[in-house]
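K.L.:
I am sharing work_19.txt, which consists of compact mmCIF, C-alpha atoms:
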```txt
# COMPACT_ATOMS: atom_id res chain seq x y z
CA MET A 1 -3.43 -13.42 10.59
CA THR A 2 -2.56 -15.96 7.90
CA LYS A 3 -3.52 -15.63 4.24
CA ALA A 4 -5.83 -18.64 4.59
CA SER A 5 -7.75 -17.26 7.56
CA ALA A 6 -8.06 -13.84 5.90
CA GLN A 7 -9.47 -15.45 2.78
CA THR A 8 -11.88 -17.54 4.85
CA GLN A 9 -13.24 -14.47 6.64
CA ALA A 10 -13.59 -12.53 3.39
CA THR A 11 -15.40 -15.45 1.77
CA ARG A 12 -17.76 -15.99 4.70
CA VAL A 13 -18.92 -12.38 5.00
CA THR A 14 -19.37 -12.11 1.25
CA LEU A 15 -21.46 -15.28 1.08
CA VAL A 16 -23.73 -14.02 3.87
CA GLY A 17 -24.17 -10.72 2.04
CA MET A 18 -24.82 -12.46 -1.27
CA ILE A 19 -27.59 -14.66 0.15
CA LEU A 20 -29.19 -11.64 1.84
CA ASP A 21 -28.98 -9.59 -1.37
CA LEU A 22 -30.61 -12.34 -3.42
CA ALA A 23 -33.45 -12.71 -0.92
CA LEU A 24 -34.05 -8.96 -0.63
CA GLY A 25 -33.72 -8.39 -4.38
CA ILE A 26 -36.35 -10.97 -5.26
CA THR A 27 -38.63 -9.82 -2.41
CA LYS A 28 -38.45 -6.15 -3.43
CA ILE A 29 -38.92 -6.80 -7.13
CA VAL A 30 -41.90 -9.09 -6.56
CA GLY A 31 -43.28 -6.86 -3.82
CA GLY A 32 -42.78 -3.74 -5.93
CA ALA A 33 -44.60 -5.31 -8.86
CA LEU A 34 -47.51 -6.36 -6.65
CA THR A 35 -47.74 -2.99 -4.86
CA GLN A 36 -47.09 -0.99 -8.06
CA SER A 37 -44.03 0.75 -6.59
CA PHE A 38 -41.42 1.67 -9.21
CA ALA A 39 -38.97 2.74 -6.47
CA LEU A 40 -39.25 -0.64 -4.75
CA VAL A 41 -38.64 -2.50 -8.02
CA THR A 42 -35.54 -0.41 -8.80
CA ASP A 43 -34.34 -0.91 -5.25
CA GLY A 44 -34.73 -4.65 -5.79
CA ILE A 45 -32.64 -4.40 -8.95
CA HIS A 46 -30.04 -2.58 -6.86
CA SER A 47 -30.02 -5.50 -4.41
CA LEU A 48 -29.55 -8.00 -7.23
CA THR A 49 -26.56 -6.01 -8.52
CA ASP A 50 -25.19 -6.34 -4.98
CA ALA A 51 -25.48 -10.12 -5.29
CA ILE A 52 -23.70 -10.04 -8.65
CA THR A 53 -20.84 -7.96 -7.22
CA ASP A 54 -20.67 -10.33 -4.23
CA ILE A 55 -19.95 -13.17 -6.65
CA PHE A 56 -17.34 -10.94 -8.31
CA VAL A 57 -15.76 -10.20 -4.91
CA LEU A 58 -15.49 -13.93 -4.18
CA MET A 59 -13.66 -14.49 -7.44
CA VAL A 60 -11.30 -11.52 -7.06
CA ALA A 61 -10.64 -12.07 -3.33
CA ARG A 62 -9.38 -15.58 -4.04
CA ILE A 63 -6.83 -14.18 -6.50
CA ALA A 64 -5.94 -11.11 -4.40
CA HIS A 65 -5.07 -13.19 -1.32
CA SER A 66 -2.87 -15.60 -3.27
CA ALA A 67 0.77 -15.77 -2.17
CA PRO A 68 3.44 -13.93 -4.22
CA ASP A 69 4.86 -15.87 -7.12
CA ALA A 70 7.56 -15.45 -9.78
CA ASP A 71 5.33 -13.29 -11.97
CA HIS A 72 3.88 -11.27 -9.07
CA PRO A 73 6.67 -10.89 -6.47
CA TYR A 74 4.73 -8.16 -4.61
CA GLY A 75 1.62 -10.35 -4.36
CA HIS A 76 -1.72 -10.04 -6.14
CA GLY A 77 -3.17 -7.07 -4.25
CA ARG A 78 -3.63 -4.99 -7.41
CA PHE A 79 -6.26 -7.49 -8.58
CA GLU A 80 -8.30 -6.29 -5.62
CA THR A 81 -7.78 -2.71 -6.74
CA LEU A 82 -8.95 -3.56 -10.25
CA GLY A 83 -11.95 -5.33 -8.75
CA THR A 84 -12.82 -2.22 -6.76
CA ILE A 85 -12.70 -0.11 -9.92
CA ALA A 86 -14.93 -2.63 -11.69
CA MET A 87 -17.44 -2.34 -8.85
CA GLY A 88 -17.37 1.43 -9.20
CA VAL A 89 -18.16 1.07 -12.90
CA ILE A 90 -21.07 -1.24 -12.05
CA PHE A 91 -22.36 1.45 -9.68
CA PHE A 92 -22.25 4.03 -12.47
CA THR A 93 -24.02 1.71 -14.90
CA THR A 94 -26.75 0.91 -12.37
CA ALA A 95 -27.19 4.60 -11.59
CA GLY A 96 -27.51 5.46 -15.28
CA ILE A 97 -30.21 2.84 -15.85
CA LEU A 98 -32.23 3.99 -12.84
CA LEU A 99 -31.95 7.65 -13.80
CA TYR A 100 -33.13 6.95 -17.31
CA ASP A 101 -36.12 4.93 -16.13
CA SER A 102 -37.02 7.64 -13.62
CA TYR A 103 -36.83 10.29 -16.32
CA ILE A 104 -39.21 8.36 -18.58
CA ARG A 105 -41.75 7.91 -15.79
CA LEU A 106 -41.69 11.57 -14.77
CA GLN A 107 -42.71 12.57 -18.27
CA ASP A 108 -46.32 11.55 -17.42
CA THR A 109 -46.89 11.94 -13.67
CA ALA A 110 -50.69 11.93 -14.06
CA SER A 111 -50.76 8.26 -15.00
CA LEU A 112 -48.49 7.11 -12.19
CA PRO A 113 -50.22 4.65 -9.81
CA ILE A 114 -50.26 5.07 -6.03
CA PRO A 115 -48.32 2.17 -4.49
CA ALA A 116 -50.05 -0.13 -1.99
CA PRO A 117 -49.17 0.34 1.72
CA ALA A 118 -47.64 -3.16 1.92
CA GLY A 119 -44.54 -1.79 0.22
CA LEU A 120 -43.72 0.12 3.40
CA ALA A 121 -43.10 -3.11 5.33
CA ILE A 122 -40.78 -4.42 2.62
CA ALA A 123 -38.77 -1.18 2.67
CA LEU A 124 -38.42 -1.34 6.46
CA VAL A 125 -37.16 -4.94 6.34
CA SER A 126 -34.67 -3.96 3.64
CA ILE A 127 -33.32 -1.03 5.67
CA ALA A 128 -32.76 -3.16 8.78
CA SER A 129 -31.19 -6.07 6.86
CA LYS A 130 -28.80 -3.98 4.76
CA GLU A 131 -27.67 -1.87 7.71
CA TRP A 132 -26.82 -5.06 9.61
CA ILE A 133 -24.80 -6.55 6.75
CA TYR A 134 -23.00 -3.21 6.28
CA HIS A 135 -21.68 -3.22 9.87
CA TYR A 136 -20.81 -6.91 9.69
CA THR A 137 -18.87 -6.52 6.43
CA MET A 138 -17.10 -3.34 7.56
CA ARG A 139 -15.85 -5.03 10.74
CA VAL A 140 -14.26 -7.80 8.71
CA ALA A 141 -12.92 -5.31 6.12
CA ASN A 142 -11.22 -3.24 8.84
CA SER A 143 -9.68 -6.31 10.46
CA LEU A 144 -8.26 -7.42 7.09
CA ASN A 145 -7.65 -3.87 5.81
CA SER A 146 -9.37 -4.89 2.56
CA SER A 147 -10.39 -2.07 0.22
CA LEU A 148 -12.54 -4.49 -1.78
CA LEU A 149 -14.54 -5.61 1.26
CA LYS A 150 -14.91 -1.97 2.31
CA ALA A 151 -16.30 -1.23 -1.14
CA ASN A 152 -18.73 -4.11 -0.75
CA ALA A 153 -19.77 -2.84 2.69
CA TRP A 154 -20.50 0.60 1.25
CA HIS A 155 -22.51 -1.05 -1.48
CA SER A 156 -24.67 -2.55 1.27
CA ARG A 157 -24.92 0.84 2.98
CA SER A 158 -25.99 2.43 -0.31
CA ASP A 159 -28.78 -0.14 -0.56
CA ALA A 160 -29.90 0.69 2.99
CA ILE A 161 -29.90 4.43 2.21
CA SER A 162 -31.76 3.85 -1.03
CA SER A 163 -34.36 1.85 0.89
CA VAL A 164 -34.80 4.84 3.20
CA ALA A 165 -35.45 6.99 0.13
CA VAL A 166 -37.93 4.40 -1.10
CA LEU A 167 -39.68 4.45 2.27
CA VAL A 168 -39.99 8.24 2.14
CA GLY A 169 -41.27 8.05 -1.43
CA LEU A 170 -43.88 5.46 -0.49
CA LEU A 171 -45.07 7.50 2.47
CA ALA A 172 -45.42 10.58 0.26
CA ALA A 173 -47.25 8.56 -2.39
CA GLN A 174 -49.75 7.42 0.23
CA GLN A 175 -50.55 11.10 0.75
CA GLY A 176 -51.41 11.52 -2.92
CA TYR A 177 -47.99 12.47 -4.33
CA ALA A 178 -47.54 9.47 -6.60
CA TRP A 179 -44.58 11.07 -8.39
CA MET A 180 -42.56 10.93 -5.14
CA ASP A 181 -42.19 7.19 -5.64
CA THR A 182 -40.28 7.93 -8.86
CA VAL A 183 -38.29 10.77 -7.28
CA ALA A 184 -37.10 8.24 -4.72
CA GLY A 185 -35.67 6.27 -7.63
CA VAL A 186 -33.73 9.36 -8.74
CA PHE A 187 -32.30 9.75 -5.24
CA VAL A 188 -31.22 6.10 -5.23
CA SER A 189 -29.44 6.60 -8.53
CA LEU A 190 -27.50 9.65 -7.30
CA ILE A 191 -26.34 7.81 -4.19
CA ILE A 192 -25.06 4.91 -6.26
CA ALA A 193 -23.28 7.28 -8.67
CA LYS A 194 -21.54 9.09 -5.80
CA ILE A 195 -20.24 5.89 -4.23
CA GLY A 196 -19.10 4.63 -7.62
CA TRP A 197 -17.12 7.84 -8.18
CA GLU A 198 -15.39 7.59 -4.81
CA LEU A 199 -14.47 3.94 -5.30
CA CYS A 200 -12.99 4.58 -8.74
CA THR A 201 -10.97 7.67 -7.73
CA ASP A 202 -9.51 6.01 -4.61
CA SER A 203 -8.50 2.91 -6.54
CA LEU A 204 -7.03 4.92 -9.42
CA LYS A 205 -4.80 6.73 -6.91
CA GLU A 206 -3.45 3.34 -5.91
CA LEU A 207 -2.89 2.25 -9.49
CA VAL A 208 -0.83 5.37 -10.27
CA ASP A 209 1.30 4.81 -7.13
CA THR A 210 0.12 7.83 -5.14
CA ALA A 211 2.23 8.33 -2.00
CA ILE A 212 0.84 7.87 1.48
CA PRO A 213 -0.53 10.95 3.32
CA GLN A 214 1.96 13.23 5.07
CA GLN A 215 0.58 12.41 8.52
CA ARG A 216 1.22 8.70 8.02
CA ARG A 217 4.69 9.47 6.62
CA LYS A 218 5.58 11.42 9.78
CA GLN A 219 4.48 8.49 11.95
CA ILE A 220 6.72 6.16 9.97
CA GLU A 221 9.65 8.61 10.21
CA GLN A 222 9.31 8.70 14.00
CA THR A 223 9.40 4.90 14.13
CA ILE A 224 12.52 4.77 11.94
CA LEU A 225 14.46 7.40 13.89
CA SER A 226 13.68 5.65 17.18
CA VAL A 227 15.99 2.79 16.10
CA ASP A 228 19.42 3.20 17.67
CA GLY A 229 22.07 3.49 14.93
CA ILE A 230 19.89 5.22 12.34
CA LEU A 231 21.31 8.72 11.90
CA GLY A 232 18.75 10.09 9.47
CA ILE A 233 16.46 9.47 6.51
CA THR A 234 17.49 10.25 2.94
CA SER A 235 14.17 9.39 1.33
CA ILE A 236 10.88 7.54 1.80
CA ARG A 237 9.03 6.24 -1.25
CA SER A 238 5.62 4.66 -0.82
CA ARG A 239 2.80 3.13 -2.82
CA SER A 240 -0.18 0.88 -2.15
CA SER A 241 -1.33 -2.49 -3.41
CA GLY A 242 -4.64 -4.05 -2.42
CA GLY A 243 -5.02 -1.76 0.58
CA LYS A 244 -1.48 -2.52 1.83
CA ILE A 245 1.43 -0.07 1.82
CA ILE A 246 4.81 -0.86 0.23
CA LEU A 247 7.77 1.24 1.40
CA GLU A 248 11.24 1.88 0.01
CA LEU A 249 13.59 3.62 2.45
CA ARG A 250 17.07 5.15 2.22
CA LEU A 251 18.57 5.49 5.69
CA LEU A 252 21.76 7.13 6.96
CA VAL A 253 24.18 5.19 9.16
CA ASN A 254 27.75 5.58 10.38
CA PRO A 255 29.93 5.09 7.27
CA ARG A 256 32.46 2.96 9.17
CA ILE A 257 30.19 0.19 10.36
CA SER A 258 30.37 -3.17 8.59
CA VAL A 259 28.07 -4.24 5.78
CA SER A 260 26.52 -6.89 8.04
CA GLU A 261 25.80 -4.32 10.77
CA GLY A 262 24.20 -2.00 8.22
CA HIS A 263 22.07 -4.92 7.01
CA GLN A 264 21.09 -5.73 10.60
CA LEU A 265 19.98 -2.13 11.20
CA GLY A 266 17.84 -2.34 8.07
CA GLU A 267 16.22 -5.55 9.35
CA ILE A 268 15.48 -3.93 12.71
CA VAL A 269 13.85 -0.95 11.00
CA SER A 270 11.78 -3.23 8.78
CA ARG A 271 10.51 -5.31 11.72
CA SER A 272 9.78 -2.20 13.75
CA ILE A 273 7.66 -0.67 10.99
CA THR A 274 5.66 -3.80 10.16
CA GLY A 275 5.17 -4.44 13.87
CA ASN A 276 3.74 -0.96 14.49
CA PHE A 277 1.67 -0.55 11.30
CA SER A 278 -0.59 -3.43 10.29
CA ASP A 279 -1.31 -1.92 6.86
CA ILE A 280 2.35 -2.00 5.78
CA ALA A 281 3.06 -5.21 3.89
CA ASP A 282 6.60 -4.78 2.57
CA VAL A 283 9.63 -2.63 3.48
CA THR A 284 12.78 -2.37 1.38
CA VAL A 285 15.71 -0.65 3.11
CA HIS A 286 18.77 0.87 1.40
CA ILE A 287 21.66 1.99 3.58
CA ASP A 288 23.51 5.27 2.88
CA PRO A 289 26.97 5.51 4.51
CA GLU A 290 26.90 9.24 5.17
CA GLU A 291 24.56 12.18 4.84
CA HIS A 292 23.25 12.78 1.34
CA SER A 293 20.43 15.04 0.31
CA GLU A 294 17.73 13.53 -1.88
CA GLU A 295 19.05 15.69 -4.73
CA SER A 296 22.60 14.42 -4.39
CA HIS A 297 21.35 10.85 -4.19
CA LEU A 298 19.40 11.27 -7.42
CA GLN A 299 22.53 12.67 -9.06
CA HIS A 300 24.60 9.67 -7.80
CA ALA A 301 26.91 11.61 -5.49
CA THR A 302 29.66 8.94 -5.52
CA SER A 303 29.31 7.91 -9.16
CA HIS A 304 32.43 9.90 -10.11
CA LEU A 305 34.59 7.74 -7.84
CA PRO A 306 36.49 4.81 -9.43
CA PRO A 307 35.51 1.20 -8.61
CA ARG A 308 37.44 -0.91 -6.11
CA PRO A 309 39.67 -2.81 -8.61
CA GLU A 310 40.85 0.47 -10.09
CA VAL A 311 41.51 2.02 -6.67
CA ILE A 312 43.45 -1.04 -5.46
CA ALA A 313 45.54 -1.10 -8.64
CA THR A 314 46.32 2.62 -8.26
CA ILE A 315 47.33 2.18 -4.59
CA LYS A 316 49.61 -0.75 -5.35
CA GLU A 317 51.22 1.07 -8.27
CA ALA A 318 51.83 4.24 -6.22
CA CYS A 319 53.33 2.27 -3.33
CA SER A 320 55.21 -0.38 -5.31
CA ASP A 321 58.57 0.92 -4.04
CA LEU A 322 57.43 0.80 -0.39
CA VAL A 323 55.37 -2.39 0.02
CA THR A 324 54.92 -5.79 -1.63
CA GLU A 325 51.84 -8.02 -1.92
CA LYS A 326 52.86 -10.03 1.17
CA ASP A 327 53.24 -6.82 3.24
CA ILE A 328 49.51 -5.99 2.96
CA ASP A 329 46.99 -8.09 4.88
CA SER A 330 43.83 -6.20 3.81
CA ILE A 331 42.58 -2.98 2.24
CA VAL A 332 39.17 -1.58 3.23
CA LEU A 333 37.56 1.23 1.24
CA HIS A 334 34.83 3.58 2.50
CA TYR A 335 33.06 5.39 -0.35
CA LEU A 336 31.97 8.78 0.96
CA GLU A 337 30.49 11.77 -0.82
CA ARG A 338 33.71 13.76 -0.44
CA GLY A 339 35.99 10.90 -1.59
CA ILE A 340 37.38 7.48 -0.62
CA GLU A 341 38.65 6.68 2.85
CA VAL A 342 41.26 3.88 2.94
CA GLU A 343 42.19 1.52 5.79
CA ILE A 344 45.28 -0.57 5.12
CA THR A 345 46.27 -3.35 7.51
CA LEU A 346 49.89 -4.45 7.18
CA SER A 347 50.80 -8.07 7.76
CA ALA A 348 53.10 -9.01 10.62
CA SER A 349 56.12 -9.01 8.29
CA GLY A 350 55.05 -5.75 6.67
CA ALA A 351 54.71 -4.02 10.03
CA SER A 352 58.40 -4.55 10.76
CA SER A 353 59.71 -3.67 7.29
CA VAL A 354 57.42 -0.93 5.93
CA ASP A 355 57.91 2.77 6.65
CA ALA A 356 54.30 3.66 7.62
CA ALA A 357 54.93 7.41 7.51
CA ALA A 358 56.34 7.23 3.99
CA LEU A 359 53.51 4.97 2.90
CA GLN A 360 50.90 7.40 4.21
CA ALA A 361 52.62 10.38 2.58
CA THR A 362 52.62 8.56 -0.75
CA LEU A 363 48.95 7.60 -0.49
CA GLU A 364 47.94 11.18 0.26
CA THR A 365 49.02 12.09 -3.27
CA VAL A 366 46.67 9.54 -4.86
CA GLU A 367 43.56 11.07 -6.44
CA HIS A 368 40.18 10.56 -4.72
CA LEU A 369 41.72 9.39 -1.41
CA VAL A 370 40.62 11.74 1.39
CA ASN A 371 41.67 9.89 4.52
CA ILE A 372 44.29 7.18 4.96
CA LYS A 373 44.62 4.93 8.01
CA ILE A 374 47.40 2.35 8.32
CA PHE A 375 47.23 -0.52 10.84
CA SER A 376 49.62 -3.31 11.71
CA LYS A 377 48.65 -6.92 12.38
CA LEU A 378 50.72 -8.09 15.34
CA ALA A 379 52.08 -11.57 14.86
CA GLU A 380 51.78 -12.82 18.43
CA SER A 381 48.44 -11.36 19.63
CA ASN A 382 46.73 -11.16 16.20
CA LEU A 383 45.50 -7.69 17.14
CA THR A 384 45.77 -4.45 15.17
CA SER A 385 47.32 -1.20 16.22
CA GLN A 386 47.11 2.14 14.40
CA LEU A 387 50.51 3.34 13.23
CA SER A 388 49.40 6.73 11.98
```
Please rewrite the model in this file as C-alpha cells.
P.N.:
Amino acid sequence: MTKASAQTQATRVTLVGMILDLALGITKIVGGALTQSFALVTDGIHSLTDAITDIFVLMVARIAHSAPDADHPYGHGRFETLGTIAMGVIFFTTAGILLYDSYIRLQDTASLPIPAPAGLAIALVSIASKEWIYHYTMRVANSLNSSLLKANAWHSRSDAISSVAVLVGLLAAQQGYAWMDTVAGVFVSLIIAKIGWELCTDSLKELVDTAIPQQRRKQIEQTILSVDGILGITSIRSRSSGGKIILELRLLVNPRISVSEGHQLGEIVSRSITGNFSDIADVTVHIDPEEHSEESHLQHATSHLPPRPEVIATIKEACSDLVTEKDIDSIVLHYLERGIEVEITLSASGASSVDAAALQATLETVEHLVNIKIFSKLAESNLTSQLS
C-alpha cells in the first residue's frame, strides 16, 4: 500500500468519526440538558472531545505519513507517537473534569433531579453509533498498522462503554435512585483515565526505544536463518517508530566470500524480513566475517589489528629480498578474530621467478598473519593455481 492511499484511508475514517462525534456530542448535551441527565451531558462532552481529537489526528496523520527527508531519514512516524501521547493526556484531562463534577454533585444527592425517560433513547443511539465507528476505525488501523488510529478507535469504544454506563444510570434513576445518574459519570471518567494511561505508557515505550517482544524476535531469527549463506546471528537490535519496527542486524557469513556477495546476502535477508512481516519498515544489515559473540563485537574484536596500508607495507618490507612490485598481482586480506589471513597472487612473471616456499616461510614470521596462501596467475590461461 502506498503512502498516499494509506493517508487517504486514515483521513476518510477519521472524518467519518469526527462528523459522528459532533452529531452525537451536540445531541447528548442538548438532550441531557432537556432531560436533566448529568451523565448524558458529560457523555456529550466526551463525544465532543472525540471530535477535537479527530481533528488532531487529521493534522498529525498528514505529517506522520510524509516521506522521509534529510532531517528525518527514518520518516515521521514518531510524530504519530507524540500524537498518541497527546491523546492520552486529553483523556486524563477529560477524566479529571468529569470526576470533579461528579464529586460536587454527590455532595447533595437529595437535590438531584430524576432524568426524563427520553434520555434512554439517546443513550441507545449513542451506543450503537460509537460501536459501529469503533469497528470501522479498528479495521482501517489494523490494515495500516497505525497506533494513532488504534488510539482513536479505542476512544470511540470508550464513548460506547460510557454510554452503556449512562444507560444503566438512567435506568436506575427511573427507579428512584437519582444519584446513579451521577455515579455513571464517575464510571465514565474511570474508563477514560484507564485508556489514557495505556495509550501513554505504550507510546512512551516506543519513544525510549523499547525492543520488540521475545516471541516476535524469535520469528525474525527463524526468517533470517532460513536464508542460505547466513551462518548465524551476532545481534538483533530493534525499536519502533509510528507503529513500525526498525531493525539493525549483525549476521555471520563465510569470511572468504566477496564483499559484493556479503552485500547480496544482506539484501536477501532484508527483503525476506519485510516480505514476511508487514509491520517492519526498515532493516539495516551488517555482515560479520566469522563468529563473534555480542561481547566480543562490543569490545571490537579486530580493533587491535593494523589497517591494510600498514599490513601491505609490512609484507613488502619483509619480502623485499624475494619479490618486487611487478611480481605481485594482488594481495587480499581477510580480517578474522584470531588474526589476518593473506592471499597473495603472483603475476605471470613472478610465478616463474619467485620461490613460493621461501616467500611463505618469510610471511609466517610477520606479526598478526595467521594463514598465508600464495597463488600464481598463469600467463596463457589467465587462471590461478595454488602453489602452497
K.L.:
Within 6 Å of stretch 37-53 of chain A, counting only C-alpha atoms, which residues show up once you throw out same-chain ones fewer than 5 positions away? Write them as a PyMOL selection string, please.
P.N.:
chain A and resi 18+21-22+25+28-29+32+115+166+181-182+185
K.L.:
Would you mind exporting the chosen residues as a short mmCIF file (atom, residue, chain, number, x, y, z; two decimals), keeping the file's coordinate frame, restricted to C-alpha atoms?
P.N.:
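Contents of the output file out_22.cif:
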```
data_model
loop_
_atom_site.label_atom_id
_atom_site.label_comp_id
_atom_site.auth_asym_id
_atom_site.auth_seq_id
_atom_site.Cartn_x
_atom_site.Cartn_y
_atom_site.Cartn_z
CA MET A 18 -24.82 -12.46 -1.27
CA ASP A 21 -28.98 -9.59 -1.37
CA LEU A 22 -30.61 -12.34 -3.42
CA GLY A 25 -33.72 -8.39 -4.38
CA LYS A 28 -38.45 -6.15 -3.43
CA ILE A 29 -38.92 -6.80 -7.13
CA GLY A 32 -42.78 -3.74 -5.93
CA PRO A 115 -48.32 2.17 -4.49
CA VAL A 166 -37.93 4.40 -1.10
CA ASP A 181 -42.19 7.19 -5.64
CA THR A 182 -40.28 7.93 -8.86
CA GLY A 185 -35.67 6.27 -7.63
#
```
K.L.:
Which of these, A:Val140, A:Ala318, A:Val208, A:Leu98, has the shortest distance to A:Ile192 once you count only C-alpha atoms?
P.N.:
A:Leu98
K.L.:
Neighbouring residues of A:Thr362 were defined as those with any atom within 10 Å, considering all atoms listed in the file; residues of the same chain fewer than 6 positions away were excluded. Please report them as an MDAnalysis selection string.
P.N.:
chainID A and resid 315 318:319 322 356
K.L.:
Enumerate, as a JSON list (two decimals) with C-alpha atoms, in the frame of the given file, the protein, DNA and RNA residues whose atoms approach (19.2, 6.9, 13.1) to within 12 Å, taking into account all atoms listed in the file and the coordinate frame of the file.
P.N.:
```json
[["chain", "number", "residue", "atom", "x", "y", "z"],
["A", 221, "GLU", "CA", 9.65, 8.61, 10.21],
["A", 222, "GLN", "CA", 9.31, 8.70, 14.00],
["A", 223, "THR", "CA", 9.40, 4.90, 14.13],
["A", 224, "ILE", "CA", 12.52, 4.77, 11.94],
["A", 225, "LEU", "CA", 14.46, 7.40, 13.89],
["A", 226, "SER", "CA", 13.68, 5.65, 17.18],
["A", 227, "VAL", "CA", 15.99, 2.79, 16.10],
["A", 228, "ASP", "CA", 19.42, 3.20, 17.67],
["A", 229, "GLY", "CA", 22.07, 3.49, 14.93],
["A", 230, "ILE", "CA", 19.89, 5.22, 12.34],
["A", 231, "LEU", "CA", 21.31, 8.72, 11.90],
["A", 232, "GLY", "CA", 18.75, 10.09, 9.47],
["A", 233, "ILE", "CA", 16.46, 9.47, 6.51],
["A", 234, "THR", "CA", 17.49, 10.25, 2.94],
["A", 250, "ARG", "CA", 17.07, 5.15, 2.22],
["A", 251, "LEU", "CA", 18.57, 5.49, 5.69],
["A", 252, "LEU", "CA", 21.76, 7.13, 6.96],
["A", 253, "VAL", "CA", 24.18, 5.19, 9.16],
["A", 254, "ASN", "CA", 27.75, 5.58, 10.38],
["A", 262, "GLY", "CA", 24.20, -2.00, 8.22],
["A", 265, "LEU", "CA", 19.98, -2.13, 11.20],
["A", 266, "GLY", "CA", 17.84, -2.34, 8.07],
["A", 268, "ILE", "CA", 15.48, -3.93, 12.71],
["A", 269, "VAL", "CA", 13.85, -0.95, 11.00],
["A", 287, "ILE", "CA", 21.66, 1.99, 3.58],
["A", 288, "ASP", "CA", 23.51, 5.27, 2.88],
["A", 289, "PRO", "CA", 26.97, 5.51, 4.51],
["A", 290, "GLU", "CA", 26.90, 9.24, 5.17],
["A", 291, "GLU", "CA", 24.56, 12.18, 4.84]]
```
K.L.:
Box in all listed atoms of stretch 316-325 of chain A, axis-aligned, with 5 Å more on each side; write out centre and edge lengths in Å to one decimal as AutoDock Vina command-line options.
P.N.:
```
--center_x 54.1 --center_y -1.9 --center_z -4.1 --size_x 19.0 --size_y 22.3 --size_z 18.3
```
K.L.:
From the options A:Thr274, A:Ser347, A:Gln36, A:Ser240, which residue's atoms come nearest to A:Thr210, counting all atoms listed in the file?
P.N.:
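So, comparing all the options, the nearest one is A:Ser240.
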K.L.:
I'd like the contact shell of stretch 199-202 of chain A - 12 Å cut-off, only C-alpha atoms, skipping same-chain residues fewer than 2 positions apart - returned as a PyMOL selection string.
P.N.:
chain A and resi 80-92+147-155+192-197+204-210+240-243
K.L.:
Quote the spacing between atom CA of A:Ser102 and atom CA of A:Ala165 in Å to one decimal place.
P.N.:
13.9 Å
K.L.:
Find the distance between atom CA of A:Leu346 and atom CA of A:Val332 and write it in Å to one decimal.
P.N.:
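According to the coordinates, atom CA of A:Leu346 and atom CA of A:Val332 are separated by 11.8 Å.
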K.L.:
Within 12 Å of (-50.9, -1.8, 5.0), only C-alpha atoms: residues as a count of residues only?
P.N.:
12
K.L.:
Considering only C-alpha atoms, can you say which of A:Ala10, A:Ile280, A:Ala172, A:Ile344 comes closest to A:Arg139?
P.N.:
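Closest to A:Arg139, using only C-alpha atoms: A:Ala10.
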K.L.:
Would you work out the distance separating atom CA of A:Glu325 from atom CA of A:Ser349, expressed in Å to one decimal?
P.N.:
11.1 Å
K.L.:
Could N, CA and C atoms be built for stretch 171-184 of chain A and written out as a PDB file, keeping the file's coordinate frame?
P.N.:
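The resulting file, part02.pdb, is reproduced below:
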```pdb
ATOM      1  N   LEU A 171     -44.242   6.753   1.524  1.00  0.00           N
ATOM      2  CA  LEU A 171     -45.070   7.500   2.470  1.00  0.00           C
ATOM      3  C   LEU A 171     -45.687   8.720   1.796  1.00  0.00           C
ATOM      4  N   ALA A 172     -44.895   9.412   0.965  1.00  0.00           N
ATOM      5  CA  ALA A 172     -45.420  10.580   0.260  1.00  0.00           C
ATOM      6  C   ALA A 172     -46.488  10.173  -0.754  1.00  0.00           C
ATOM      7  N   ALA A 173     -46.266   9.027  -1.418  1.00  0.00           N
ATOM      8  CA  ALA A 173     -47.250   8.560  -2.390  1.00  0.00           C
ATOM      9  C   ALA A 173     -48.578   8.225  -1.737  1.00  0.00           C
ATOM     10  N   GLN A 174     -48.510   7.723  -0.495  1.00  0.00           N
ATOM     11  CA  GLN A 174     -49.750   7.420   0.230  1.00  0.00           C
ATOM     12  C   GLN A 174     -50.549   8.692   0.508  1.00  0.00           C
ATOM     13  N   GLN A 175     -49.871   9.832   0.516  1.00  0.00           N
ATOM     14  CA  GLN A 175     -50.550  11.100   0.750  1.00  0.00           C
ATOM     15  C   GLN A 175     -51.039  11.742  -0.545  1.00  0.00           C
ATOM     16  N   GLY A 176     -50.902  11.013  -1.655  1.00  0.00           N
ATOM     17  CA  GLY A 176     -51.410  11.520  -2.920  1.00  0.00           C
ATOM     18  C   GLY A 176     -50.352  12.016  -3.874  1.00  0.00           C
ATOM     19  N   TYR A 177     -49.085  12.011  -3.460  1.00  0.00           N
ATOM     20  CA  TYR A 177     -47.990  12.470  -4.330  1.00  0.00           C
ATOM     21  C   TYR A 177     -47.336  11.252  -4.986  1.00  0.00           C
ATOM     22  N   ALA A 178     -48.011  10.708  -5.961  1.00  0.00           N
ATOM     23  CA  ALA A 178     -47.540   9.470  -6.600  1.00  0.00           C
ATOM     24  C   ALA A 178     -46.173   9.634  -7.240  1.00  0.00           C
ATOM     25  N   TRP A 179     -45.859  10.835  -7.725  1.00  0.00           N
ATOM     26  CA  TRP A 179     -44.580  11.070  -8.390  1.00  0.00           C
ATOM     27  C   TRP A 179     -43.381  10.947  -7.444  1.00  0.00           C
ATOM     28  N   MET A 180     -43.650  11.046  -6.111  1.00  0.00           N
ATOM     29  CA  MET A 180     -42.560  10.930  -5.140  1.00  0.00           C
ATOM     30  C   MET A 180     -41.938   9.535  -5.150  1.00  0.00           C
ATOM     31  N   ASP A 181     -42.730   8.548  -5.538  1.00  0.00           N
ATOM     32  CA  ASP A 181     -42.190   7.190  -5.640  1.00  0.00           C
ATOM     33  C   ASP A 181     -41.081   7.147  -6.701  1.00  0.00           C
ATOM     34  N   THR A 182     -41.286   7.871  -7.803  1.00  0.00           N
ATOM     35  CA  THR A 182     -40.280   7.930  -8.860  1.00  0.00           C
ATOM     36  C   THR A 182     -39.097   8.804  -8.460  1.00  0.00           C
ATOM     37  N   VAL A 183     -39.372   9.901  -7.752  1.00  0.00           N
ATOM     38  CA  VAL A 183     -38.290  10.770  -7.280  1.00  0.00           C
ATOM     39  C   VAL A 183     -37.349   9.994  -6.351  1.00  0.00           C
ATOM     40  N   ALA A 184     -37.933   9.081  -5.580  1.00  0.00           N
ATOM     41  CA  ALA A 184     -37.100   8.240  -4.720  1.00  0.00           C
ATOM     42  C   ALA A 184     -36.122   7.423  -5.557  1.00  0.00           C
TER      43      ALA A 184
END
```
